[in-house]
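A.B. asks: This is the structure I want to talk about, given as C-alpha cells.
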Amino acid sequence: MNTEQLTKEDLAGFTGTEQWYRHPVVKNTLYTDGVKYVAQKAGAYWLVDEITFQQYHPRIKNEEFQVWNLKVDLEGSTAVLTCDDGNDRILFTKPIGYTDFPLEEIKIYVVGNVILLPSEY
C-alpha cells in the first residue's frame with residue numbers, strides 16, 4: 001500500500017459525489033467518493049469503521065451534524081480521533097495507539113447517515 005499518494009490538495013478536489021457507498025456492516029451509513037478515496041489511498045477503512053460504529057455512542061447518536069478530526073503525530077505514529085457537534089463541543093475522544101495515516105490532520109463530516117469530506121458538504 002502506498003499511502004504517500006494522499007495529499008490535502010487531492011482532498012480539496014472533491015466536491016459533491018458521483019456515487020454513494022454503503023458501509024458493509026452498518027447498512028444505513030453511506031459515504032462519498034472523497035471518503036472512499038481517503039480509505040483506499042491511506043489504507044484507512046478503519047477510520048470509516050470507527051466513525052460508523054461510534055454513531056451508536058450515546059453522546060453522538062442524536063447529533064445530525066458531526067465534525068470528526070483525526071490529528072496524527074507522524075513521528076510517533078499515534079493519533080487522537082475526536083468528534084464535535086460543529087460548535088466545538090467535544091462529544092467523543094479516542095487515542096489511537098498506532099497509525100500509518102499519512103497526513104497530520106484530516107477533518108470528516110457526518111451529516112445524517114452520510115460520511116463526507118468538508119469540500120463535499
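Letters for chains follow the order of the C-alpha cells (A, B, ...), residue numbers begin at 1 for each chain, and ligand numbers begin at 1 in the order shown.
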Can you list, as a ChimeraX atom specification, all residues belonging to chain A that DSSP tags as strand (DSSP E)?
C.D. replies: /A:21-22,30-31,65-73,78-84,90-96,105-111,114-116
A.B. asks: Can you list, as an NGL selection string, all residues belonging to region 1-99 of chain A that DSSP tags as alpha helix (DSSP H)?
C.D. replies: :A and (8-12 or 33-42 or 45-53)
A.B. asks: Just the residues within 12 Å of Ala42 (chain A), please, counting only C-alpha atoms, with nothing from its chain fewer than 5 positions along; format it as a list in words.
C.D. replies: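 Skipping anything fewer than 5 positions along the chain leaves Met1, Asn2, Thr3, Glu4, Gln5, Leu6, Thr7, Lys8, Leu11, Gly34, Val35, Lys36, Tyr37, Leu47, Val48, Thr99, Asp100, Phe101, Pro102, Leu103 and Ile106 of chain A.
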A.B. asks: Would you pick out the contacts of region 57-63 of chain A at 12 Å or less, using only C-alpha atoms, so that residues sharing its chain but fewer than 5 positions from it are not included, and give the list as an mmCIF file with N, CA and C atoms, in the first residue's frame?
C.D. replies:
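Printed below is result08.cif as written:
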data_model
loop_
_atom_site.group_PDB
_atom_site.id
_atom_site.type_symbol
_atom_site.label_atom_id
_atom_site.label_comp_id
_atom_site.auth_asym_id
_atom_site.auth_seq_id
_atom_site.Cartn_x
_atom_site.Cartn_y
_atom_site.Cartn_z
ATOM 1 N N GLU A 50 -14.527 3.261 12.354
ATOM 2 C CA GLU A 50 -14.561 3.909 13.675
ATOM 3 C C GLU A 50 -15.667 4.957 13.733
ATOM 4 N N ILE A 51 -15.744 5.788 12.710
ATOM 5 C CA ILE A 51 -16.783 6.819 12.668
ATOM 6 C C ILE A 51 -18.166 6.170 12.596
ATOM 7 N N THR A 52 -18.306 5.157 11.774
ATOM 8 C CA THR A 52 -19.586 4.476 11.616
ATOM 9 C C THR A 52 -20.037 3.822 12.916
ATOM 10 N N TRP A 68 -15.606 15.217 12.667
ATOM 11 C CA TRP A 68 -14.611 14.255 13.134
ATOM 12 C C TRP A 68 -13.238 14.763 12.728
ATOM 13 N N THR A 82 -11.277 12.781 17.430
ATOM 14 C CA THR A 82 -12.302 13.473 18.202
ATOM 15 C C THR A 82 -13.530 13.705 17.328
ATOM 16 N N CYS A 83 -14.641 13.877 17.994
ATOM 17 C CA CYS A 83 -15.886 14.245 17.336
ATOM 18 C C CYS A 83 -16.472 15.421 18.095
ATOM 19 N N ASP A 84 -16.888 16.450 17.358
ATOM 20 C CA ASP A 84 -17.605 17.551 17.998
ATOM 21 C C ASP A 84 -18.888 17.844 17.232
ATOM 22 N N ASP A 85 -19.700 18.708 17.794
ATOM 23 C CA ASP A 85 -21.023 18.994 17.237
ATOM 24 C C ASP A 85 -21.025 20.137 16.219
ATOM 25 N N GLY A 86 -19.863 20.573 15.785
ATOM 26 C CA GLY A 86 -19.778 21.687 14.852
ATOM 27 C C GLY A 86 -19.683 23.026 15.541
ATOM 28 N N ASN A 87 -19.901 23.030 16.854
ATOM 29 C CA ASN A 87 -19.778 24.242 17.664
ATOM 30 C C ASN A 87 -18.680 24.066 18.706
ATOM 31 N N ARG A 89 -18.076 21.691 20.705
ATOM 32 C CA ARG A 89 -18.417 20.917 21.899
ATOM 33 C C ARG A 89 -18.009 19.471 21.627
ATOM 34 N N ILE A 90 -16.965 19.016 22.308
ATOM 35 C CA ILE A 90 -16.422 17.675 22.096
ATOM 36 C C ILE A 90 -17.402 16.633 22.614
ATOM 37 N N LEU A 91 -17.733 15.680 21.745
ATOM 38 C CA LEU A 91 -18.659 14.603 22.089
ATOM 39 C C LEU A 91 -17.933 13.284 22.353
ATOM 40 N N PHE A 92 -16.753 13.141 21.762
ATOM 41 C CA PHE A 92 -16.056 11.854 21.807
ATOM 42 C C PHE A 92 -14.579 12.088 21.538
ATOM 43 N N THR A 93 -13.736 11.381 22.261
ATOM 44 C CA THR A 93 -12.285 11.415 22.033
ATOM 45 C C THR A 93 -11.749 10.002 22.193
ATOM 46 N N TYR A 109 -16.855 15.091 7.956
ATOM 47 C CA TYR A 109 -18.179 15.423 8.472
ATOM 48 C C TYR A 109 -19.076 14.191 8.431
ATOM 49 N N VAL A 110 -20.033 14.181 9.336
ATOM 50 C CA VAL A 110 -21.151 13.245 9.254
ATOM 51 C C VAL A 110 -22.414 14.092 9.296
ATOM 52 N N VAL A 111 -23.221 13.943 8.275
ATOM 53 C CA VAL A 111 -24.491 14.661 8.187
ATOM 54 C C VAL A 111 -25.575 13.611 7.975
ATOM 55 N N GLY A 112 -26.462 13.495 8.952
ATOM 56 C CA GLY A 112 -27.441 12.411 8.889
ATOM 57 C C GLY A 112 -26.694 11.089 8.962
ATOM 58 N N ASN A 113 -26.853 10.271 7.989
ATOM 59 C CA ASN A 113 -26.148 8.987 7.930
ATOM 60 C C ASN A 113 -25.090 8.967 6.841
#
A.B. asks: What does the distance between CA of Asp49 (chain A) and CA of Thr78 (chain A) come to in Å, to one decimal place?
C.D. replies: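 The value is 17.7 Å.
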A.B. asks: Just checking: using only C-alpha atoms, which residue out of A:Arg22, A:Lys71, A:Lys27, A:Lys41 ends up closest to Ile108 (chain A)?
C.D. replies: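 Looking only at the distances to Ile108 (chain A), the closest residue turns out to be A:Lys71.
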A.B. asks: Within 10 Å of Gly97 (chain A), counting only C-alpha atoms, which residues qualify if same-chain residues fewer than 2 places away don't, as a PyMOL selection string?
C.D. replies: chain A and resi 76-80+94-95+99
A.B. asks: Given the choices A:Gln40, A:Thr29, A:Gln54, A:Gln66, which gets closest to Pro118 (chain A) if the distance is worked out from only C-alpha atoms?
C.D. replies: A:Gln66
A.B. asks: Using only C-alpha atoms, determine which residues lie at most 9 Å from Val114 (chain A), disregarding the query and same-chain residues fewer than 6 positions distant; provide the list as a list of chain:residue names.
C.D. replies: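 Returned residues: A:Trp20, A:Asn28, A:Thr29, A:Leu30, A:Tyr31, A:Thr32.
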A.B. asks: Go ahead and write the residues just picked, N, CA and C atoms, as a PDB file, in the first residue's frame.
C.D. replies:
ATOM      1  N   TRP A  20     -22.542   6.836  -4.158  1.00  0.00           N
ATOM      2  CA  TRP A  20     -22.645   6.623  -2.722  1.00  0.00           C
ATOM      3  C   TRP A  20     -22.197   5.198  -2.430  1.00  0.00           C
ATOM      4  N   ASN A  28     -27.226   1.354   6.896  1.00  0.00           N
ATOM      5  CA  ASN A  28     -27.856   2.668   6.726  1.00  0.00           C
ATOM      6  C   ASN A  28     -26.839   3.806   6.700  1.00  0.00           C
ATOM      7  N   THR A  29     -25.548   3.492   6.772  1.00  0.00           N
ATOM      8  CA  THR A  29     -24.498   4.509   6.690  1.00  0.00           C
ATOM      9  C   THR A  29     -23.914   4.521   5.282  1.00  0.00           C
ATOM     10  N   LEU A  30     -23.876   5.722   4.706  1.00  0.00           N
ATOM     11  CA  LEU A  30     -23.309   5.914   3.373  1.00  0.00           C
ATOM     12  C   LEU A  30     -22.059   6.773   3.478  1.00  0.00           C
ATOM     13  N   TYR A  31     -21.165   6.644   2.499  1.00  0.00           N
ATOM     14  CA  TYR A  31     -20.029   7.552   2.404  1.00  0.00           C
ATOM     15  C   TYR A  31     -19.775   7.894   0.945  1.00  0.00           C
ATOM     16  N   THR A  32     -19.047   8.967   0.753  1.00  0.00           N
ATOM     17  CA  THR A  32     -18.890   9.590  -0.567  1.00  0.00           C
ATOM     18  C   THR A  32     -17.621   9.141  -1.277  1.00  0.00           C
TER      19      THR A  32
END
A.B. asks: Give me, please, the distance in Å between CA of Gly43 (chain A) and CA of Glu64 (chain A), quoted to one decimal.
C.D. replies: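 Between these atoms lies a distance of 27.0 Å.
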A.B. asks: Looking at only C-alpha atoms, which of A:Leu117, A:Val72, A:Ala39, A:Ile96 is the one that sits closest to Ala12 (chain A)?
C.D. replies: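 Among the listed residues, the smallest separation from Ala12 (chain A) belongs to A:Leu117.
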A.B. asks: Just how far from CA of Asn69 (chain A) is CA of Gly16 (chain A), in Å to one decimal?
C.D. replies: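 Those two atoms sit 19.9 Å apart.
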